[in-house]
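final-v4.txt, holding compact mmCIF, C-alpha atoms:
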```
# COMPACT_ATOMS: atom_id res chain seq x y z
CA MET A 1 0.00 0.00 0.00
CA ARG A 2 1.33 3.42 -0.97
CA SER A 3 2.14 5.51 2.13
CA MET A 4 -0.03 8.56 2.63
CA LYS A 5 1.70 11.94 2.78
CA LEU A 6 1.78 13.52 6.23
CA SER A 7 2.97 16.90 7.50
CA ASN A 8 6.46 18.06 6.71
CA LEU A 9 7.27 17.93 10.42
CA ALA A 10 6.06 14.36 10.76
CA GLU A 11 7.90 13.29 7.63
CA THR A 12 11.20 14.91 8.61
CA LEU A 13 11.37 14.63 12.41
CA ILE A 14 13.97 12.15 13.61
CA GLY A 15 12.99 10.05 16.62
CA SER A 16 15.12 9.98 19.75
CA GLU A 17 18.31 8.09 18.93
CA ILE A 18 18.77 7.31 22.62
CA ILE A 19 15.32 5.81 23.08
CA LYS A 20 15.79 3.80 19.87
CA LEU A 21 19.11 2.45 21.11
CA GLY A 22 17.62 1.73 24.52
CA GLY A 23 14.83 -0.27 22.91
CA GLU A 24 17.35 -2.40 21.01
CA ILE A 25 19.28 -3.04 24.23
CA LYS A 26 16.15 -4.07 26.12
CA GLU A 27 15.33 -6.56 23.36
CA ARG A 28 18.81 -8.09 23.66
CA ILE A 29 18.39 -8.37 27.42
CA ARG A 30 14.97 -9.95 26.93
CA ARG A 31 16.64 -12.60 24.75
CA GLY A 32 18.95 -13.43 27.64
CA GLU A 33 22.11 -11.58 26.60
CA ARG A 34 24.35 -10.16 29.34
CA ILE A 35 24.34 -6.43 28.63
CA TYR A 36 25.74 -3.62 30.75
CA ASN A 37 23.10 -1.10 29.80
CA TYR A 38 24.51 2.34 30.44
CA THR A 39 22.48 4.14 27.78
CA ILE A 40 19.35 5.78 29.21
CA GLY A 41 19.51 8.80 31.52
CA ASP A 42 17.12 7.10 33.90
CA PHE A 43 17.29 5.15 37.15
CA ASP A 44 16.63 1.60 38.20
CA PRO A 45 14.23 2.18 41.12
CA LEU A 46 15.54 -0.95 42.84
CA ILE A 47 18.99 0.68 42.97
CA PHE A 48 17.98 4.34 43.24
CA PRO A 49 14.46 4.66 44.71
CA ILE A 50 12.78 8.04 45.10
CA PRO A 51 12.79 9.57 48.59
CA LYS A 52 10.53 7.67 51.01
CA GLU A 53 8.89 10.90 52.16
CA LEU A 54 8.01 11.79 48.58
CA GLU A 55 6.67 8.31 47.87
CA ASP A 56 4.50 8.38 50.99
CA GLY A 57 3.27 11.85 50.09
CA ILE A 58 2.17 10.74 46.63
CA VAL A 59 0.29 7.74 48.00
CA GLU A 60 -1.37 9.90 50.67
CA ALA A 61 -2.37 12.55 48.11
CA TYR A 62 -4.17 9.93 46.03
CA ARG A 63 -5.89 8.62 49.14
CA GLN A 64 -7.09 12.16 49.80
CA HIS A 65 -8.56 12.12 46.27
CA PHE A 66 -6.34 14.75 44.69
CA THR A 67 -7.19 13.43 41.23
CA ASN A 68 -8.74 16.44 39.48
CA TYR A 69 -7.11 18.98 37.15
CA PRO A 70 -4.33 21.06 38.70
CA ALA A 71 -4.00 24.79 38.03
CA ALA A 72 -2.64 25.45 34.53
CA GLU A 73 0.42 27.24 35.91
CA GLY A 74 0.91 24.74 38.75
CA ASN A 75 -0.80 24.69 42.12
CA VAL A 76 -0.13 27.65 44.38
CA ASP A 77 1.27 25.51 47.21
CA LEU A 78 3.78 23.89 44.85
CA ARG A 79 4.91 27.19 43.34
CA GLU A 80 5.33 28.59 46.84
CA SER A 81 7.50 25.59 47.75
CA ILE A 82 9.56 25.96 44.56
CA ALA A 83 10.13 29.64 45.37
CA LEU A 84 11.42 28.71 48.84
CA PHE A 85 13.52 25.87 47.44
CA LEU A 86 15.20 28.21 44.94
CA LYS A 87 15.82 30.79 47.65
CA ASP A 88 17.34 28.23 50.05
CA TYR A 89 19.57 26.39 47.58
CA GLN A 90 20.52 29.02 44.99
CA ASN A 91 19.58 32.33 46.58
CA LEU A 92 17.29 32.97 43.59
CA HIS A 93 14.18 35.02 44.28
CA TYR A 94 11.16 34.45 42.04
CA ASN A 95 7.52 35.46 42.47
CA LEU A 96 4.68 33.04 41.87
CA ASP A 97 3.86 34.58 38.47
CA GLU A 98 7.47 33.86 37.45
CA ILE A 99 7.15 30.10 38.08
CA LEU A 100 5.48 27.59 35.76
CA VAL A 101 4.97 23.89 36.57
CA ALA A 102 4.65 21.12 33.97
CA SER A 103 5.03 17.36 33.59
CA GLY A 104 8.81 17.33 33.73
CA GLY A 105 11.32 19.42 31.82
CA ARG A 106 10.49 18.49 28.23
CA PRO A 107 7.17 20.38 27.84
CA LEU A 108 8.81 23.43 29.41
CA ILE A 109 11.73 23.33 27.00
CA TYR A 110 9.31 22.98 24.09
CA ALA A 111 7.27 25.92 25.42
CA ILE A 112 10.41 28.08 25.71
CA TYR A 113 11.31 27.39 22.09
CA ARG A 114 7.75 28.14 20.99
CA THR A 115 7.52 31.30 23.09
CA ILE A 116 10.83 32.87 22.06
CA CYS A 117 11.45 31.73 18.49
CA ASP A 118 9.72 32.29 15.18
CA ARG A 119 10.24 30.25 12.05
CA GLY A 120 13.63 30.87 10.46
CA GLU A 121 15.12 32.61 13.50
CA LYS A 122 18.53 31.63 14.78
CA ILE A 123 18.88 29.24 17.72
CA LEU A 124 22.34 28.61 19.10
CA TYR A 125 23.38 25.47 20.91
CA ALA A 126 26.54 23.46 21.40
CA VAL A 127 27.07 19.82 20.51
CA PRO A 128 27.16 17.35 22.03
CA SER A 129 23.94 18.31 23.80
CA TRP A 130 20.57 16.79 24.47
CA ASN A 131 17.72 17.31 21.99
CA ASN A 132 18.33 20.93 20.98
CA ASN A 133 18.59 19.84 17.35
CA HIS A 134 15.13 18.28 17.55
CA TYR A 135 13.48 21.24 19.30
CA THR A 136 14.98 23.60 16.74
CA HIS A 137 13.59 21.38 13.98
CA PHE A 138 10.15 21.42 15.67
CA ILE A 139 9.85 25.16 15.25
CA LYS A 140 11.71 25.34 11.92
CA GLY A 141 14.42 27.51 13.41
CA GLU A 142 17.86 28.08 11.93
CA HIS A 143 20.46 25.84 13.61
CA VAL A 144 23.55 27.69 14.82
CA VAL A 145 25.73 24.85 16.06
CA ILE A 146 28.90 25.25 18.12
CA GLU A 147 31.12 22.19 18.49
CA ALA A 148 32.29 22.03 22.11
CA LYS A 149 35.85 20.79 22.42
CA ALA A 150 37.39 18.05 24.54
CA GLU A 151 39.94 20.52 25.94
CA ASN A 152 37.03 22.49 27.43
CA ASN A 153 35.42 19.33 28.85
CA PHE A 154 32.85 19.61 26.05
CA MET A 155 31.37 22.81 27.51
CA PRO A 156 30.83 25.78 25.16
CA VAL A 157 32.97 28.87 25.75
CA ALA A 158 32.25 32.52 24.99
CA ALA A 159 35.11 32.82 22.50
CA ASP A 160 33.58 30.09 20.32
CA ILE A 161 30.05 31.49 20.63
CA LYS A 162 30.75 35.17 20.01
CA PRO A 163 31.41 35.02 16.24
CA HIS A 164 27.98 33.45 15.74
CA ILE A 165 25.88 35.53 18.16
CA ASP A 166 24.49 38.05 15.64
CA GLY A 167 20.76 37.57 15.16
CA VAL A 168 20.46 34.66 17.59
CA VAL A 169 17.22 34.85 19.61
CA LEU A 170 17.70 31.82 21.86
CA MET A 171 20.83 30.24 23.30
CA ALA A 172 20.32 26.80 24.85
CA LEU A 173 22.72 26.04 27.70
CA CYS A 174 22.83 23.13 30.12
CA SER A 175 24.94 22.65 33.25
CA PRO A 176 25.66 20.11 34.55
CA GLN A 177 25.64 18.99 30.96
CA ASN A 178 23.75 16.11 29.44
CA PRO A 179 25.47 14.08 27.92
CA THR A 180 28.91 14.93 29.28
CA GLY A 181 28.47 15.13 33.06
CA THR A 182 30.68 18.24 33.00
CA THR A 183 29.92 21.75 34.23
CA PHE A 184 30.46 25.43 33.54
CA SER A 185 33.23 27.01 35.55
CA LYS A 186 32.41 30.29 37.26
CA VAL A 187 34.62 32.21 34.84
CA GLY A 188 33.32 30.33 31.79
CA LEU A 189 29.66 31.02 32.51
CA THR A 190 30.34 34.61 33.60
CA ASP A 191 32.03 35.28 30.25
CA ILE A 192 28.96 33.97 28.40
CA CYS A 193 26.62 36.08 30.57
CA ASP A 194 28.68 39.22 29.94
CA MET A 195 28.55 38.51 26.21
CA VAL A 196 24.74 38.16 26.32
CA ILE A 197 24.34 41.39 28.31
CA GLU A 198 26.62 43.27 25.91
CA GLU A 199 24.75 41.88 22.88
CA ASN A 200 21.34 42.83 24.26
CA LYS A 201 22.45 46.40 24.99
CA LYS A 202 23.11 46.78 21.25
CA ARG A 203 19.76 45.37 20.14
CA GLU A 204 16.77 47.50 19.25
CA GLY A 205 14.27 44.72 18.66
CA LYS A 206 14.18 41.11 19.78
CA LYS A 207 16.54 40.28 22.60
CA LEU A 208 18.77 37.25 23.04
CA TYR A 209 17.30 34.88 25.64
CA VAL A 210 19.07 32.03 27.42
CA LEU A 211 17.42 28.70 28.14
CA TYR A 212 19.31 27.37 31.16
CA ASP A 213 18.72 23.70 31.87
CA GLN A 214 19.92 22.96 35.41
CA MET A 215 18.20 19.62 35.81
CA TYR A 216 21.32 18.09 37.36
CA GLY A 217 22.31 21.15 39.40
CA HIS A 218 22.12 19.37 42.76
CA LEU A 219 24.28 16.45 41.59
CA THR A 220 27.83 17.80 41.74
CA TYR A 221 30.81 15.97 43.24
CA GLY A 222 33.97 16.83 45.11
CA LYS A 223 34.92 20.50 44.81
CA ILE A 224 32.70 21.11 41.79
CA LYS A 225 30.06 23.82 42.28
CA HIS A 226 26.95 24.55 40.25
CA TYR A 227 26.73 28.04 38.80
CA ASP A 228 23.79 29.76 37.13
CA PRO A 229 23.44 32.97 35.10
CA VAL A 230 21.32 35.12 37.42
CA SER A 231 23.39 34.35 40.51
CA LEU A 232 26.54 35.41 38.65
CA ARG A 233 25.06 38.38 36.84
CA PRO A 234 21.72 39.70 38.24
CA GLU A 235 21.16 41.60 34.98
CA MET A 236 20.69 38.20 33.30
CA ARG A 237 17.37 37.79 35.13
CA GLN A 238 15.44 39.52 32.34
CA TYR A 239 16.97 37.24 29.69
CA THR A 240 17.14 33.83 31.45
CA ILE A 241 14.53 31.06 31.59
CA TYR A 242 15.48 28.16 33.84
CA VAL A 243 14.34 24.55 33.51
CA ASP A 244 14.49 22.24 36.52
CA ALA A 245 12.61 19.30 38.03
CA ILE A 246 12.66 16.58 40.65
CA SER A 247 13.43 14.12 37.86
CA LYS A 248 17.18 13.76 38.28
CA ALA A 249 18.10 15.20 41.69
CA PHE A 250 15.63 12.84 43.39
CA ALA A 251 15.70 9.92 40.91
CA ALA A 252 12.05 10.72 40.17
CA THR A 253 11.97 10.62 36.38
CA GLY A 254 8.55 8.95 36.31
CA VAL A 255 6.92 11.28 38.83
CA ARG A 256 6.82 14.05 36.18
CA VAL A 257 7.04 17.33 38.08
CA GLY A 258 9.19 20.08 36.56
CA TRP A 259 9.29 23.85 36.64
CA SER A 260 10.52 26.89 34.76
CA THR A 261 11.39 30.24 36.28
CA GLY A 262 11.94 33.42 34.36
CA PRO A 263 10.51 36.82 33.40
CA ALA A 264 6.77 36.95 34.09
CA HIS A 265 5.86 37.95 30.53
CA VAL A 266 7.73 34.91 29.15
CA ILE A 267 6.36 32.51 31.76
CA GLY A 268 2.81 33.78 31.07
CA LYS A 269 3.11 33.01 27.35
CA MET A 270 4.60 29.59 28.09
CA LYS A 271 1.61 28.90 30.34
CA ALA A 272 -0.78 29.83 27.50
CA ILE A 273 0.96 27.42 25.13
CA LEU A 274 1.01 24.54 27.62
CA SER A 275 -2.62 25.15 28.59
CA HIS A 276 -3.57 24.04 25.07
CA ILE A 277 -1.29 21.01 25.22
CA GLY A 278 -2.33 19.97 28.73
CA ALA A 279 1.16 18.92 29.78
CA TRP A 280 0.42 19.43 33.47
CA ALA A 281 2.09 17.62 36.32
CA PRO A 282 -0.48 15.32 37.98
CA MET A 283 -2.41 16.81 40.89
CA ALA A 284 -1.38 14.23 43.52
CA GLU A 285 2.29 14.43 42.58
CA GLN A 286 2.15 18.23 42.79
CA LYS A 287 0.69 18.02 46.31
CA ALA A 288 3.40 15.59 47.40
CA VAL A 289 6.27 17.58 45.87
CA ALA A 290 4.94 20.78 47.48
CA LYS A 291 5.34 19.15 50.90
CA TYR A 292 8.62 17.42 50.13
CA LEU A 293 10.46 20.53 48.91
CA GLN A 294 9.88 22.12 52.33
CA ASN A 295 11.39 19.13 54.18
CA LYS A 296 15.02 20.27 54.25
CA ASP A 297 16.19 17.48 56.57
CA ALA A 298 14.77 14.81 54.26
CA ILE A 299 16.27 16.51 51.20
CA GLU A 300 19.74 16.79 52.75
CA SER A 301 19.68 13.18 53.95
CA TYR A 302 18.53 11.84 50.59
CA LEU A 303 21.01 13.86 48.51
CA ALA A 304 23.95 12.90 50.74
CA HIS A 305 23.30 9.18 50.24
CA PHE A 306 22.18 9.39 46.61
CA LYS A 307 25.13 11.52 45.48
CA ASN A 308 27.59 9.24 47.27
CA GLU A 309 26.20 6.15 45.52
CA VAL A 310 26.26 7.79 42.07
CA GLU A 311 29.74 9.24 42.53
CA LYS A 312 31.15 5.87 43.66
CA ARG A 313 30.03 4.29 40.40
CA LEU A 314 31.29 7.13 38.23
CA ARG A 315 34.71 7.19 39.88
CA LYS A 316 35.13 3.43 39.82
CA ILE A 317 34.44 3.25 36.09
CA TYR A 318 36.59 6.32 35.45
CA GLU A 319 39.55 4.84 37.35
CA GLY A 320 39.13 1.53 35.52
CA LEU A 321 39.22 3.23 32.12
CA ILE A 322 42.26 5.32 33.05
CA LEU A 323 44.01 2.10 34.11
CA LEU A 324 43.21 0.58 30.70
CA LYS A 325 44.60 3.72 29.07
CA LYS A 326 47.84 3.35 31.06
CA GLU A 327 48.07 -0.24 29.83
CA GLY A 328 48.19 1.09 26.28
CA PHE A 329 44.58 0.68 25.14
CA ASP A 330 43.06 3.53 23.11
CA VAL A 331 40.45 4.54 25.66
CA ASP A 332 40.08 7.59 27.88
CA ALA A 333 37.62 9.35 30.19
CA VAL A 334 36.92 12.81 31.58
CA ALA A 335 37.05 12.96 35.38
CA PRO A 336 33.48 12.93 36.74
CA GLU A 337 32.14 16.31 37.83
CA ALA A 338 28.37 16.04 38.05
CA ALA A 339 25.11 14.39 36.97
CA ILE A 340 24.90 10.62 36.37
CA TYR A 341 27.13 10.63 33.30
CA LEU A 342 30.71 9.82 32.48
CA THR A 343 32.31 11.00 29.25
CA ILE A 344 34.41 8.16 27.86
CA LYS A 345 36.50 7.70 24.74
CA ILE A 346 36.71 4.43 22.79
CA ASN A 347 38.89 5.19 19.79
CA LEU A 348 38.97 1.95 17.83
CA SER A 349 38.14 3.07 14.29
CA GLY A 350 40.68 1.55 11.90
CA LYS A 351 41.59 -1.29 14.28
CA LYS A 352 41.78 -4.83 12.87
CA LEU A 353 39.50 -7.64 14.06
CA PRO A 354 40.80 -11.21 14.58
CA ASP A 355 39.40 -12.23 11.16
CA GLY A 356 41.42 -9.49 9.46
CA SER A 357 38.51 -7.15 8.76
CA LEU A 358 38.57 -3.54 9.96
CA LEU A 359 36.38 -1.44 12.20
CA ASN A 360 35.78 1.15 9.52
CA ASN A 361 33.89 3.82 11.44
CA GLN A 362 32.53 4.80 14.83
CA PRO A 363 29.11 3.11 14.42
CA GLU A 364 31.00 -0.15 13.81
CA VAL A 365 33.01 0.50 16.99
CA THR A 366 29.77 1.04 18.92
CA SER A 367 28.42 -2.24 17.59
CA TYR A 368 31.67 -4.08 18.35
CA ILE A 369 31.83 -3.10 22.03
CA LEU A 370 28.16 -4.03 22.40
CA GLN A 371 28.53 -7.40 20.69
CA THR A 372 31.88 -8.36 22.22
CA ALA A 373 31.97 -6.68 25.62
CA GLY A 374 28.22 -6.34 26.21
CA LEU A 375 28.82 -2.63 26.90
CA ALA A 376 25.99 -0.36 25.78
CA VAL A 377 26.81 3.35 25.79
CA VAL A 378 25.51 6.28 23.72
CA PRO A 379 27.83 7.76 21.09
CA PHE A 380 28.22 11.53 21.05
CA TYR A 381 27.06 11.51 17.44
CA ALA A 382 23.60 10.73 18.85
CA PHE A 383 23.86 14.16 20.51
CA GLY A 384 24.69 16.06 17.35
CA ALA A 385 28.48 15.62 17.32
CA ASP A 386 30.31 14.52 14.20
CA ASN A 387 29.80 10.87 13.18
CA SER A 388 33.52 10.25 13.56
CA SER A 389 33.60 11.30 17.23
CA PRO A 390 35.07 8.52 19.42
CA TRP A 391 33.43 9.92 22.57
CA TYR A 392 30.46 8.37 24.41
CA ARG A 393 28.03 9.04 27.23
CA LEU A 394 27.99 6.40 29.94
CA SER A 395 25.06 6.63 32.38
CA VAL A 396 25.21 4.95 35.80
CA GLY A 397 21.52 5.28 36.68
CA THR A 398 20.99 1.54 36.24
CA CYS A 399 24.52 0.45 37.23
CA LYS A 400 25.03 -2.12 39.96
CA GLU A 401 28.31 -1.37 41.73
CA GLU A 402 29.25 -5.04 41.92
CA GLU A 403 29.11 -5.45 38.12
CA ILE A 404 31.67 -2.76 37.30
CA ASP A 405 34.81 -4.92 37.61
CA GLU A 406 33.21 -7.60 35.44
CA MET A 407 32.26 -5.01 32.81
CA LEU A 408 35.79 -3.56 32.73
CA GLU A 409 37.30 -7.02 32.40
CA LYS A 410 35.05 -7.84 29.42
CA LEU A 411 35.92 -4.50 27.82
CA LYS A 412 39.63 -5.21 28.29
CA LYS A 413 39.19 -8.63 26.68
CA ALA A 414 37.41 -7.06 23.70
CA LEU A 415 40.16 -4.46 23.32
CA LYS A 416 42.88 -7.13 23.41
CA GLN A 417 41.31 -8.86 20.41
CA LEU A 418 42.08 -5.87 18.20
CA SER A 419 45.33 -4.99 16.49
```

Output the file's structure in the form of structure tokens.
Amino acid sequence: MRSMKLSNLAETLIGSEIIKLGGEIKERIRRGERIYNYTIGDFDPLIFPIPKELEDGIVEAYRQHFTNYPAAEGNVDLRESIALFLKDYQNLHYNLDEILVASGGRPLIYAIYRTICDRGEKILYAVPSWNNNHYTHFIKGEHVVIEAKAENNFMPVAADIKPHIDGVVLMALCSPQNPTGTTFSKVGLTDICDMVIEENKKREGKKLYVLYDQMYGHLTYGKIKHYDPVSLRPEMRQYTIYVDAISKAFAATGVRVGWSTGPAHVIGKMKAILSHIGAWAPMAEQKAVAKYLQNKDAIESYLAHFKNEVEKRLRKIYEGLILLKKEGFDVDAVAPEAAIYLTIKINLSGKKLPDGSLLNNQPEVTSYILQTAGLAVVPFYAFGADNSSPWYRLSVGTCKEEEIDEMLEKLKKALKQLS
């Protein structure tokens, strides 16, 4: 049967490469294969459960029959709690009309793109980064792509952005960064903020806005600190729209409560867009999160344990890869800074297999380490980087600590087979 023509968007939109890869991995696992599945930025609830107080609050809210529609902008009690949470943890001060709640971060990011950008307008983002290419495609914007460099821990820098800033209406930034698990330094982010402020002073018409995704902001390790635009430069308040949620900091990806904060006129338009989509966080979950965000003792206790468990896994894998590098294998890793991700390098393109054939390109390398070592990681080319990039995102959200040594040993065995 001849396929029927659909919209240009439907015909040209590329599905999530990560979800596609994750589906293939799950099918292999279902068939009984031993796979170390470090692909999806999610959590195994048996390893990383949500906070007990939050879980109990959700159950209790349903028992109290909070099952009707929530307010379109988010319930008042939740927005009040978010305002206090931001004040306590980041010293950010936002009024209730400057806070918008939705079902996680994705609808909010979509609403920011829709609110700020018109068709054909320039949107700037760095690669590798999560989903900015798809959101730009959604609104038929012009892609202004900056390739972040390994020497900068794959974070964009002002010097690379500045030559491309003319006419850009939205700059999408994320720190801690998905997929890299790296962060902006204080100086690095301040330089970008100063550039935005300087650019906007020159503009007569549409200003340059910054989408700042800080979904992993509470998950930093060691001496690493999380920085944000408005805290560094208060003048950035009028140009910055934040995206945050309980999804990552509290391992609550399925609970679906996120929020944006920003200028009231922007937040109001985002609310209007989402009111037609209906992407609200569920009523009971909103009630539970409103209570939980005011429980500082529970938050501190949870984060201390949770961060320790995530960091242990990241560091153990990092140290194992660095040991393999010292043994002469062509692998590498960036020291873990934040989030649940480790940036690793598996540079095997051009290596010879035991049968004499070559690994001709990076997709073949990805397939080889999956088939031979059972290691499933996401290549940076799934995040917009060049197809030849040997770098990968490794997520520890489903990682059992006791399997790490076994995984590293299988990887070493697979590497030894190549010449």

Completion exercise
What separates atom CA of A:Glu327 and atom CA of A:Leu314 is a distance of 20.2 Å

Exercise for the section: Using all atoms listed in the file, pick whichever of A:Gly22, A:Gly268, A:Gly141, A:Gly74 has the shortest atom-to-atom distance to A:Val289. Expected result: A:Gly74

Handout entry: Contacts of A:Ile224 within 10 Å, all atoms listed in the file, excl. fewer than 4 positions in-chain, as number ranges by chain
Key = A: 182-185, 219-220, 336-338

Practice task
Just the residues within 12 Å of A:Glu55, please, counting all atoms listed in the file, with nothing from its chain fewer than 2 positions along; format it as a list in words.
Solution key: Pro45, Pro49, Ile50, Pro51, Lys52, Glu53, Gly57, Ile58, Val59, Glu60, Ala61, Tyr62, Phe250, Ala251, Ala252, Gly254, Val255, Ala284, Glu285, Lys287, Ala288, Val289, Lys291 and Tyr292 of chain A

Could you produce a table of the residues of stretch 94-203 of chain A lying within 6 Å of stretch 270-282 of chain A, with the nearest pair of atoms per residue and their separation in Å rounded to one decimal, using all atoms listed in the file, ordered by chain and increasing residue number, as a tab-separated table?
```
residue	atom	partner	partner_atom	distance
A:Ala102	CA	A:Trp280	CA	4.6
A:Ser103	CA	A:Ala281	CA	4.0
A:Ala111	CA	A:Met270	CA	5.3
```

Fill in the blank from the handout: Separating atom CA of A:Gly15 from atom CA of A:Val378, to the nearest tenth of an Å, is a gap of 14.9 Å

Problem - Counting all atoms listed in the file, the option among A:Lys5, A:Glu98, A:Glu24, A:Arg30 closest to A:Lys269 - result: A:Glu98

Exercise for the section: Go through A:Ile29, A:Met171, A:Met236, A:Val243 one by one, measure the shortest atom-to-atom distance of each to A:Leu100 using only C-alpha atoms, and give the residue with the smallest value. Expected result: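 Smallest separation from A:Leu100 among the options: A:Val243.
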
Problem - Long-range neighbours of A:Gly384 as a PyMOL selection string, 8 Å cut-off, only C-alpha atoms, 6 positions minimum in chain - result: chain A and resi 127-129+133

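Note that atom CA of A:Ser388 and atom CA of A:Lys351 are 14.1 Å apart.
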
Problem - Pick from A:His164, A:Leu375, A:Ala83, A:Val169 nearest to A:Arg114, counting all atoms listed in the file - result: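 Of the candidates, the smallest distance to A:Arg114 is held by A:Val169.
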
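Checking A:Thr343, A:Arg119, A:Ala71, A:Asp42 one by one against A:Met155, counting all atoms listed in the file, you find the shortest gap at A:Thr343.
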
Practice task
Return the single residue from A:Val230, A:Leu208, A:Met195, A:Ala385 that is closest to A:Ala148, with distances computed using only C-alpha atoms.
Solution key: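 Among the listed residues, the smallest separation from A:Ala148 belongs to A:Ala385.
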
Problem - Residues near A:Leu92, cut-off 10 Å, all atoms listed in the file, skip fewer than 2 positions along chain, as a list of chain:residue names - result: A:Ala83, A:Leu84, A:Phe85, A:Leu86, A:Lys87, A:Asp88, A:Tyr89, A:Gln90, A:Tyr94, A:Asp228, A:Val230, A:Ser231, A:Pro234, A:Arg237, A:Thr261

Problem - Long-range neighbours of A:Gln371 as a PyMOL selection string, 12 Å cut-off, all atoms listed in the file, 2 positions minimum in chain - result: chain A and resi 25+28+33-36+364-369+373-376+410-411+414

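Look at everything within 8 Å of (9.7, 25.6, 13.0) using only C-alpha atoms, and the residues you get are A:Asp118, A:Arg119, A:Gly120, A:Thr136, A:His137, A:Phe138, A:Ile139, A:Lys140, A:Gly141.
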